[in-house]
file upload01.txt (compact mmCIF, C-alpha atoms)
# COMPACT_ATOMS: atom_id res chain seq x y z
CA MET W 1 -0.36 -3.32 -22.17
CA ASP W 2 2.66 -1.34 -23.43
CA ARG W 3 0.86 1.91 -22.67
CA VAL W 4 1.42 1.21 -18.95
CA ILE W 5 5.06 2.28 -19.29
CA SER W 6 4.47 5.13 -21.75
CA GLY W 7 3.28 8.60 -20.87
CA ASP W 8 -0.21 7.85 -22.18
CA ASN W 9 -1.69 6.20 -19.09
CA ASN W 10 -3.66 6.96 -15.93
CA ILE W 11 -1.30 5.64 -13.29
CA SER W 12 -1.29 8.76 -11.10
CA THR W 13 -5.09 8.99 -11.12
CA ILE W 14 -5.40 5.30 -10.23
CA ARG W 15 -2.87 5.67 -7.39
CA LEU W 16 -4.89 8.54 -5.97
CA ALA W 17 -8.07 6.45 -6.15
CA LEU W 18 -6.30 3.55 -4.39
CA ALA W 19 -5.21 5.79 -1.51
CA LEU W 20 -8.79 7.02 -1.14
CA MET W 21 -10.01 3.42 -1.13
CA VAL W 22 -7.79 2.72 1.89
CA LEU W 23 -9.13 5.82 3.66
CA TRP W 24 -12.71 4.76 2.86
CA SER W 25 -12.19 1.24 4.18
CA HIS W 26 -10.52 2.38 7.39
CA SER W 27 -13.42 4.74 8.00
CA PHE W 28 -15.64 1.71 8.61
CA ALA W 29 -13.13 0.25 11.07
CA PHE W 30 -12.88 3.49 13.04
CA TYR W 31 -16.57 4.34 12.94
CA TYR W 32 -18.23 0.93 13.26
CA GLY W 33 -15.41 -1.13 14.75
CA THR W 34 -15.40 -3.45 11.72
CA GLU W 35 -15.02 -3.29 7.95
CA ALA W 36 -17.61 -6.02 7.44
CA GLY W 37 -20.16 -3.52 6.15
CA GLU W 38 -17.81 -1.94 3.62
CA PRO W 39 -19.31 -2.55 0.12
CA ILE W 40 -16.39 -4.52 -1.34
CA SER W 41 -16.31 -6.64 1.81
CA VAL W 42 -20.02 -7.36 1.37
CA LEU W 43 -19.58 -8.20 -2.32
CA THR W 44 -16.70 -10.58 -1.60
CA ARG W 45 -18.31 -12.29 1.41
CA GLY W 46 -15.73 -10.73 3.71
CA LEU W 47 -12.74 -12.14 1.85
CA TYR W 48 -11.47 -8.69 0.89
CA ASN W 49 -12.31 -5.04 1.45
CA ALA W 50 -11.47 -1.75 -0.23
CA GLY W 51 -8.39 -1.31 1.92
CA ASN W 52 -7.03 -4.73 1.03
CA VAL W 53 -7.68 -4.17 -2.67
CA GLY W 54 -6.09 -0.71 -2.50
CA VAL W 55 -2.90 -1.93 -0.82
CA ALA W 56 -2.67 -4.95 -3.14
CA CYS W 57 -2.96 -2.70 -6.18
CA PHE W 58 -0.33 -0.34 -4.78
CA LEU W 59 2.13 -3.23 -4.41
CA ILE W 60 1.30 -4.70 -7.83
CA MET W 61 1.82 -1.32 -9.45
CA SER W 62 5.00 -0.80 -7.44
CA GLY W 63 6.43 -4.09 -8.69
CA ALA W 64 6.01 -2.95 -12.29
CA LEU W 65 7.11 0.68 -11.87
CA VAL W 66 10.09 -0.01 -9.63
CA LEU W 67 11.41 -2.66 -12.02
CA ARG W 68 11.03 -0.17 -14.85
CA SER W 69 12.94 2.40 -12.79
CA TRP W 70 15.70 -0.14 -12.13
CA GLU W 71 16.10 -0.92 -15.83
CA LYS W 72 16.32 2.78 -16.71
CA SER W 73 18.76 3.79 -13.95
CA ALA W 74 22.23 3.00 -12.75
CA PRO W 75 22.11 1.03 -9.48
CA ILE W 76 23.28 3.95 -7.31
CA ASP W 77 20.82 6.32 -9.00
CA PHE W 78 18.03 3.81 -8.44
CA LEU W 79 18.88 3.56 -4.74
CA ILE W 80 19.00 7.33 -4.29
CA LYS W 81 15.68 7.80 -6.09
CA ARG W 82 13.94 5.17 -3.97
CA LEU W 83 15.33 6.52 -0.70
CA LEU W 84 14.42 10.12 -1.48
CA ARG W 85 10.96 9.13 -2.67
CA LEU W 86 10.19 7.20 0.51
CA TYR W 87 12.26 8.45 3.44
CA PRO W 88 11.60 12.22 3.73
CA ALA W 89 7.79 12.05 3.73
CA TYR W 90 7.83 8.85 5.78
CA PHE W 91 9.97 10.39 8.53
CA VAL W 92 7.81 13.48 8.76
CA ALA W 93 4.69 11.30 8.97
CA VAL W 94 6.06 9.04 11.71
CA PHE W 95 7.37 12.10 13.60
CA PHE W 96 3.91 13.60 13.36
CA GLY W 97 2.37 10.42 14.76
CA ALA W 98 4.96 9.82 17.47
CA PHE W 99 5.66 13.32 18.76
CA ILE W 100 2.50 15.27 17.97
CA VAL W 101 -0.44 12.86 17.88
CA ALA W 102 0.76 10.49 20.59
CA PRO W 103 1.60 13.06 23.30
CA ILE W 104 -1.65 14.95 22.75
CA TYR W 105 -3.87 11.89 22.94
CA ALA W 106 -1.84 10.13 25.63
CA GLY W 107 -1.69 13.24 27.81
CA LEU W 108 2.11 13.28 28.11
CA PRO W 109 4.46 16.29 27.76
CA LEU W 110 6.24 16.39 24.42
CA SER W 111 9.58 17.01 26.13
CA GLN W 112 9.20 13.80 28.12
CA VAL W 113 8.33 11.74 25.04
CA ILE W 114 11.30 13.12 23.09
CA THR W 115 13.74 12.71 25.99
CA ASP W 116 12.67 9.15 26.74
CA HIS W 117 12.02 7.76 23.30
CA PHE W 118 13.60 9.80 20.47
CA LEU W 119 16.72 7.68 19.94
CA LYS W 120 14.80 4.40 19.90
CA TRP W 121 12.20 5.96 17.58
CA LEU W 122 14.93 7.14 15.20
CA LEU W 123 16.79 3.83 15.05
CA LYS W 124 13.64 1.77 14.53
CA ASN W 125 12.21 4.01 11.83
CA ILE W 126 15.43 4.11 9.85
CA ALA W 127 14.40 0.53 9.07
CA PHE W 128 10.80 1.62 8.28
CA ASN W 129 9.55 -0.02 11.46
CA GLY W 130 6.64 2.43 11.87
CA TYR W 131 7.45 2.64 15.57
CA ALA W 132 5.57 5.06 17.83
CA PRO W 133 6.79 5.30 21.44
CA VAL W 134 3.53 5.92 23.32
CA ASP W 135 0.65 3.56 24.09
CA GLY W 136 -2.81 4.44 25.32
CA VAL W 137 -3.89 6.74 22.48
CA PHE W 138 -7.45 7.01 21.14
CA VAL W 139 -8.79 5.11 24.15
CA HIS W 140 -12.40 5.42 22.96
CA SER W 141 -11.67 4.19 19.44
CA PRO W 142 -12.08 0.53 18.44
CA VAL W 143 -8.64 0.84 16.78
CA LYS W 144 -6.07 2.01 19.35
CA VAL W 145 -3.17 2.43 16.92
CA ILE W 146 -1.57 5.69 15.82
CA ASN W 147 -0.83 4.72 12.22
CA GLY W 148 -1.74 1.22 11.15
CA SER W 149 -1.00 1.89 7.49
CA LEU W 150 2.77 2.06 7.85
CA TRP W 151 3.27 -1.72 7.93
CA SER W 152 3.16 -1.92 4.14
CA ILE W 153 6.06 0.52 3.69
CA PHE W 154 8.42 -1.86 5.49
CA PHE W 155 7.25 -4.78 3.33
CA GLU W 156 7.63 -2.70 0.17
CA VAL W 157 11.23 -1.77 1.02
CA ILE W 158 12.08 -5.46 1.54
CA CYS W 159 10.50 -6.12 -1.88
CA TYR W 160 12.84 -3.51 -3.42
CA ILE W 161 15.85 -5.25 -1.90
CA ALA W 162 14.69 -8.70 -3.01
CA MET W 163 13.93 -7.37 -6.51
CA THR W 164 17.41 -5.87 -6.78
CA ALA W 165 19.01 -9.17 -5.77
CA ALA W 166 16.82 -11.14 -8.20
CA VAL W 167 17.57 -8.85 -11.13
CA VAL W 168 21.32 -8.93 -10.45
CA LEU W 169 21.46 -12.71 -9.97
CA PHE W 170 18.96 -13.80 -12.62
CA ARG W 171 19.06 -11.05 -15.22
CA LYS W 172 18.64 -13.41 -18.20
CA GLY W 173 16.22 -15.85 -16.57
CA LEU W 174 14.17 -13.48 -14.47
CA VAL W 175 10.72 -14.43 -15.78
CA PRO W 176 10.97 -18.17 -14.94
CA ILE W 177 12.27 -17.28 -11.48
CA LEU W 178 9.41 -14.86 -10.90
CA CYS W 179 6.86 -17.44 -12.09
CA SER W 180 8.33 -20.03 -9.71
CA VAL W 181 8.24 -17.60 -6.77
CA LEU W 182 4.63 -16.65 -7.56
CA VAL W 183 3.55 -20.31 -7.71
CA LEU W 184 5.31 -21.02 -4.40
CA LEU W 185 3.77 -18.01 -2.63
CA THR W 186 0.30 -18.82 -3.96
CA ALA W 187 0.63 -22.45 -2.86
CA CYS W 188 1.70 -21.34 0.62
CA LYS W 189 -1.25 -18.94 0.82
CA MET W 190 -3.68 -21.67 -0.24
CA TYR W 191 -2.26 -24.11 2.29
CA ALA W 192 -2.28 -21.53 5.09
CA ASP W 193 -5.89 -20.55 4.41
CA GLY W 194 -7.08 -24.11 3.93
CA MET W 195 -5.32 -25.59 6.95
CA GLY W 196 -5.38 -22.59 9.28
CA TRP W 197 -1.57 -22.46 9.22
CA ASN W 198 -0.20 -19.24 10.70
CA PRO W 199 3.59 -19.49 10.83
CA GLY W 200 5.68 -17.12 12.89
CA PHE W 201 9.18 -18.43 12.08
CA GLY W 202 10.63 -16.87 15.24
CA ILE W 203 13.47 -14.42 14.69
CA ILE W 204 12.99 -14.50 10.92
CA GLY W 205 9.44 -13.26 11.31
CA LYS W 206 10.57 -10.53 13.70
CA LEU W 207 13.24 -9.32 11.29
CA PHE W 208 11.36 -9.56 8.01
CA GLY W 209 7.69 -9.34 8.97
CA TRP W 210 4.84 -11.77 9.56
CA PRO W 211 5.36 -14.68 7.11
CA TYR W 212 1.65 -15.08 6.38
CA LEU W 213 1.56 -11.51 5.09
CA TRP W 214 4.48 -12.26 2.80
CA PHE W 215 2.39 -14.89 1.01
CA SER W 216 0.17 -12.01 -0.12
CA VAL W 217 2.59 -9.06 -0.32
CA GLY W 218 5.23 -11.05 -2.16
CA SER W 219 2.74 -12.35 -4.71
CA TRP W 220 1.42 -8.81 -5.31
CA PHE W 221 4.87 -7.38 -5.97
CA VAL W 222 6.09 -10.32 -8.06
CA THR W 223 2.92 -10.19 -10.17
CA GLY W 224 3.58 -6.53 -10.92
CA MET W 225 7.10 -7.40 -12.03
CA LEU W 226 5.78 -10.18 -14.25
CA PHE W 227 3.19 -7.94 -15.86
CA TYR W 228 5.93 -5.44 -16.64
CA LYS W 229 8.24 -8.05 -18.18
CA LEU W 230 5.44 -9.69 -20.19
CA ARG W 231 3.51 -6.50 -21.04
CA ALA W 232 4.06 -6.85 -24.79
CA HIS W 233 2.38 -10.27 -24.74
CA ILE W 234 -0.66 -9.37 -22.60
CA PRO W 235 -3.59 -8.12 -24.69
CA ARG W 236 -5.81 -5.35 -23.40
CA SER W 237 -9.23 -6.87 -24.01
CA PRO W 238 -12.65 -6.00 -22.56
CA VAL W 239 -13.66 -9.63 -23.18
CA ILE W 240 -10.86 -10.85 -20.89
CA LEU W 241 -11.90 -8.25 -18.34
CA ILE W 242 -15.49 -9.51 -18.33
CA LEU W 243 -14.38 -13.15 -18.11
CA ILE W 244 -12.15 -12.27 -15.15
CA GLY W 245 -15.09 -10.63 -13.41
CA ILE W 246 -17.28 -13.69 -13.98
CA ALA W 247 -14.56 -16.06 -12.78
CA MET W 248 -13.93 -14.09 -9.60
CA ALA W 249 -17.63 -13.68 -8.79
CA SER W 250 -18.24 -17.38 -9.38
CA ALA W 251 -15.36 -18.38 -7.11
CA ILE W 252 -16.34 -15.99 -4.33
CA TRP W 253 -19.98 -17.04 -4.35
CA LEU W 254 -19.46 -20.78 -4.69
CA PRO W 255 -22.16 -22.65 -2.72
CA GLU W 256 -19.42 -24.15 -0.55
CA GLN W 257 -17.93 -23.36 2.80
CA PRO W 258 -16.29 -19.88 2.84
CA ILE W 259 -12.89 -21.44 3.46
CA VAL W 260 -13.19 -23.45 0.24
CA ALA W 261 -14.08 -20.30 -1.69
CA LYS W 262 -11.09 -18.48 -0.16
CA VAL W 263 -8.65 -21.18 -1.19
CA ILE W 264 -9.97 -21.09 -4.77
CA VAL W 265 -9.96 -17.29 -4.82
CA ASP W 266 -6.34 -17.32 -3.62
CA VAL W 267 -5.39 -18.68 -7.05
CA LEU W 268 -7.43 -16.16 -9.03
CA TYR W 269 -7.26 -12.99 -6.96
CA VAL W 270 -3.80 -11.61 -7.68
CA PRO W 271 -3.52 -12.19 -11.48
CA CYS W 272 -7.14 -11.08 -11.99
CA LEU W 273 -6.65 -7.97 -9.87
CA ALA W 274 -3.42 -7.16 -11.70
CA TYR W 275 -5.09 -7.48 -15.11
CA CYS W 276 -7.97 -5.21 -14.07
CA LEU W 277 -5.51 -2.69 -12.60
CA PHE W 278 -3.29 -2.47 -15.68
CA TYR W 279 -6.35 -2.46 -17.93
CA LEU W 280 -7.52 0.72 -16.19
CA CYS W 281 -4.03 2.23 -16.06
CA SER W 282 -3.46 1.66 -19.78
CA SER W 283 -6.67 3.30 -20.95
CA PRO W 284 -6.09 6.52 -22.92
CA LYS W 285 -4.96 9.34 -20.65
CA ARG W 286 -7.78 11.41 -19.21
CA ALA W 287 -7.69 15.14 -18.49
CA GLU W 288 -7.47 14.69 -14.71
CA GLU W 289 -4.29 12.62 -15.09
CA GLU W 290 -2.23 15.76 -15.74
CA LEU W 291 -3.46 17.26 -12.48
CA ALA W 292 -2.81 14.01 -10.60
CA ARG W 293 0.76 13.95 -11.93
CA ARG W 294 1.38 17.58 -11.09
CA TYR W 295 0.16 17.03 -7.54
CA ASP W 296 0.94 13.41 -6.68
CA LEU W 297 -0.98 13.18 -3.41
CA SER W 298 -1.31 9.39 -3.16
CA TYR W 299 1.69 8.79 -0.89
CA GLY W 300 0.77 11.62 1.46
CA LEU W 301 -2.83 10.44 1.61
CA TYR W 302 -1.69 6.97 2.52
CA LEU W 303 0.77 8.19 5.17
CA TYR W 304 -1.52 10.61 6.98
CA ALA W 305 -5.05 9.25 6.59
CA PHE W 306 -4.92 6.76 9.48
CA PRO W 307 -3.94 9.16 12.31
CA LEU W 308 -5.99 12.04 10.93
CA GLN W 309 -9.11 9.89 10.68
CA GLN W 310 -8.62 8.92 14.32
CA MET W 311 -8.11 12.54 15.36
CA ILE W 312 -11.14 13.78 13.46
CA LEU W 313 -13.47 11.16 14.90
CA SER W 314 -12.14 11.93 18.37
CA GLY W 315 -12.67 15.64 17.68
CA PHE W 316 -16.33 14.93 16.93
CA ASP W 317 -16.42 13.01 20.25
CA TYR W 318 -17.40 9.93 18.21
CA HIS W 319 -20.83 11.44 17.47
CA VAL W 320 -21.09 12.46 13.82
CA PRO W 321 -22.97 11.06 10.79
CA PHE W 322 -20.77 8.59 8.92
CA PHE W 323 -20.66 10.38 5.57
CA ILE W 324 -19.90 13.74 7.19
CA TYR W 325 -17.05 12.03 8.99
CA VAL W 326 -15.72 10.48 5.77
CA ALA W 327 -16.02 13.78 3.87
CA THR W 328 -14.24 15.71 6.62
CA ALA W 329 -11.47 13.13 6.85
CA THR W 330 -11.01 13.17 3.07
CA ILE W 331 -10.75 16.96 2.92
CA VAL W 332 -8.35 17.26 5.86
CA THR W 333 -6.15 14.38 4.71
CA THR W 334 -6.02 15.74 1.15
CA ALA W 335 -4.89 19.12 2.53
CA MET W 336 -2.15 17.40 4.55
CA ALA W 337 -1.11 15.36 1.52
CA PHE W 338 -0.97 18.55 -0.54
CA MET W 339 1.42 20.09 1.98
CA SER W 340 3.48 16.90 2.11
CA TRP W 341 3.79 16.86 -1.68
CA ASN W 342 4.75 20.52 -2.06
CA LEU W 343 6.98 20.90 1.01
CA ILE W 344 8.63 17.48 1.28
CA GLU W 345 8.08 14.97 -1.53
CA ARG W 346 8.33 17.20 -4.59
CA PRO W 347 11.53 19.00 -3.43
CA ALA W 348 13.13 15.61 -2.71
CA ILE W 349 12.20 14.25 -6.15
CA PHE W 350 13.23 17.53 -7.80
CA SER W 351 16.66 17.33 -6.16
CA VAL W 352 17.25 13.93 -7.79
CA LYS W 353 16.07 14.94 -11.25
CA HIS W 354 18.25 18.02 -11.37
CA LYS W 355 21.54 16.63 -10.17
call {"tool": "encode", "arguments": {"input": "upload01.txt", "output": "structure tokens"}}
result
Amino acid sequence: MDRVISGDNNISTIRLALALMVLWSHSFAFYYGTEAGEPISVLTRGLYNAGNVGVACFLIMSGALVLRSWEKSAPIDFLIKRLLRLYPAYFVAVFFGAFIVAPIYAGLPLSQVITDHFLKWLLKNIAFNGYAPVDGVFVHSPVKVINGSLWSIFFEVICYIAMTAAVVLFRKGLVPILCSVLVLLTACKMYADGMGWNPGFGIIGKLFGWPYLWFSVGSWFVTGMLFYKLRAHIPRSPVILILIGIAMASAIWLPEQPIVAKVIVDVLYVPCLAYCLFYLCSSPKRAEEELARRYDLSYGLYLYAFPLQQMILSGFDYHVPFFIYVATATIVTTAMAFMSWNLIERPAIFSVKHK
């Protein structure tokens, strides 16, 4: 899997596809009020959907690429690169949601929203809280949230911090530590799913995010780090890929109670998903990869899809054929992502590379 860290890969194309998977999955939630009918959800008996798979793959890939960036950069350069890659586009997106979308759909004057809420909005979003100051938006939608995708950005930033601490503290023994953390997180996920355990952990949960989500998010990120560290020892084999597919399908469709299948799938899901992801990423570079690298729209698509999908469906007064809705949302969100890349993200990245 060495090609994953070389220039001969399809990482940018895969990232774009993952962002579109999240948009596709959320379309079902907005349009039908549930993602149960989404094809991946149907195929996995409701255990996962395209949005879940997309976010998981983003975090797995992030674990590998961010660790690579750390190893190739001085610590201060790494920090600056990460902040400039995330913060500028993130702040514009949350400003758009809080001070453009929210006032319009809540029927409040922009001046009132800014006067009453700007400072709190600023302080909370410095910590990637995803905070929007107005309730009561999209009252006719089954999902009454301005931007429900932003939760993962907060978790990803915490992963960066934890990764930095782990690399500094355990530089020579990082792989055994990562393996131990992955086993612990997987065991916690299995126990939580099998026993219906949903810990909150009080103030810790409020500061660092819902613990149950960490069982998944942490395992995704750690698996990406492990794949990066062990890449030279992981063969890229279509036989392994087929066996993984058979193992996952067998576990998902076990003739047992769904909860039993979920506990078993908890063990297989992350490493199998990671192998499939890096298998696709490490295939010989295709022509469209150059275009995807030149216009890296994945982050902008992820940031803007959720509110724009809500706005578009509201603009159609919730009466539009599903595939016309999805096509319209994809076109509009891609246009917004294009502007985000060219006006915000690319200049920020360019400023780092040319210092």
call {"tool": "residues_around", "arguments": {"input": "upload01.txt", "residues": "Leu230 in chain W", "least_positions_apart": "4", "cutoff": "9 Å", "atoms": "all atoms listed in the file", "output": "ChimeraX atom specification"}}
result
/W:1,175,225-226,234
call {"tool": "atom_distance", "arguments": {"input": "upload01.txt", "atom1": "CA of Leu303 in chain W", "atom2": "CA of Ala74 in chain W"}}
result
28.4 Å
call {"tool": "closest_residue", "arguments": {"input": "upload01.txt", "among": "W:Leu273, W:Val22, W:Val263, W:Val222", "to": "Leu241 in chain W", "atoms": "only C-alpha atoms"}}
result
W:Leu273
call {"tool": "residues_around", "arguments": {"input": "upload01.txt", "residues": "range 31-46 of chain W", "least_positions_apart": "3", "cutoff": "10 Å", "atoms": "all atoms listed in the file", "output": "VMD selection string"}}
result
chain W and resid 24 to 28 49 to 53 141 to 143 248 to 249 251 to 253 258 261 to 262 309 to 310 313 318 to 322 325 to 326
call {"tool": "closest_residue", "arguments": {"input": "upload01.txt", "among": "W:Val267, W:Leu301, W:Leu243, W:Ala348", "to": "Ile331 in chain W", "atoms": "all atoms listed in the file"}}
result
W:Leu301
call {"tool": "residues_around", "arguments": {"input": "upload01.txt", "residues": "Leu174 in chain W", "least_positions_apart": "5", "cutoff": "12 Å", "atoms": "only C-alpha atoms", "output": "ChimeraX atom specification"}}
result
/W:67,163-169,179-181,222,225-226,228-230
call {"tool": "residues_around", "arguments": {"input": "upload01.txt", "residues": "Cys276 in chain W", "least_positions_apart": "3", "cutoff": "12 Å", "atoms": "only C-alpha atoms", "output": "PyMOL selection string"}}
result
chain W and resi 1+14+53+57+60-61+227+234-245+248+269-273+279-283
call {"tool": "atom_distance", "arguments": {"input": "upload01.txt", "atom1": "CA of Thr115 in chain W", "atom2": "CA of Ile312 in chain W"}}
result
27.9 Å
call {"tool": "residues_around", "arguments": {"input": "upload01.txt", "residues": "Gly196 in chain W", "least_positions_apart": "2", "cutoff": "12 Å", "atoms": "all atoms listed in the file", "output": "list in words"}}
result
Cys188, Lys189, Met190, Tyr191, Ala192, Asp193, Gly194, Asn198, Pro199, Tyr212, Ile259, Val260, Lys262 and Val263 of chain W
call {"tool": "closest_residue", "arguments": {"input": "upload01.txt", "among": "W:Leu268, W:Ala93, W:Cys159, W:Met311", "to": "Val183 in chain W", "atoms": "only C-alpha atoms"}}
result
W:Leu268
call {"tool": "atom_distance", "arguments": {"input": "upload01.txt", "atom1": "CA of Phe30 in chain W", "atom2": "CA of Tyr90 in chain W"}}
result
22.6 Å
call {"tool": "residues_near_point", "arguments": {"input": "upload01.txt", "point": "(3.9, -11.5, 10.7)", "cutoff": "12 Å", "atoms": "all atoms listed in the file", "output": "ChimeraX atom specification"}}
result
/W:151-152,154-155,198-217
call {"tool": "closest_residue", "arguments": {"input": "upload01.txt", "among": "W:Tyr105, W:Trp341, W:Trp121, W:Phe278", "to": "Ser314 in chain W", "atoms": "all atoms listed in the file"}}
result
W:Tyr105
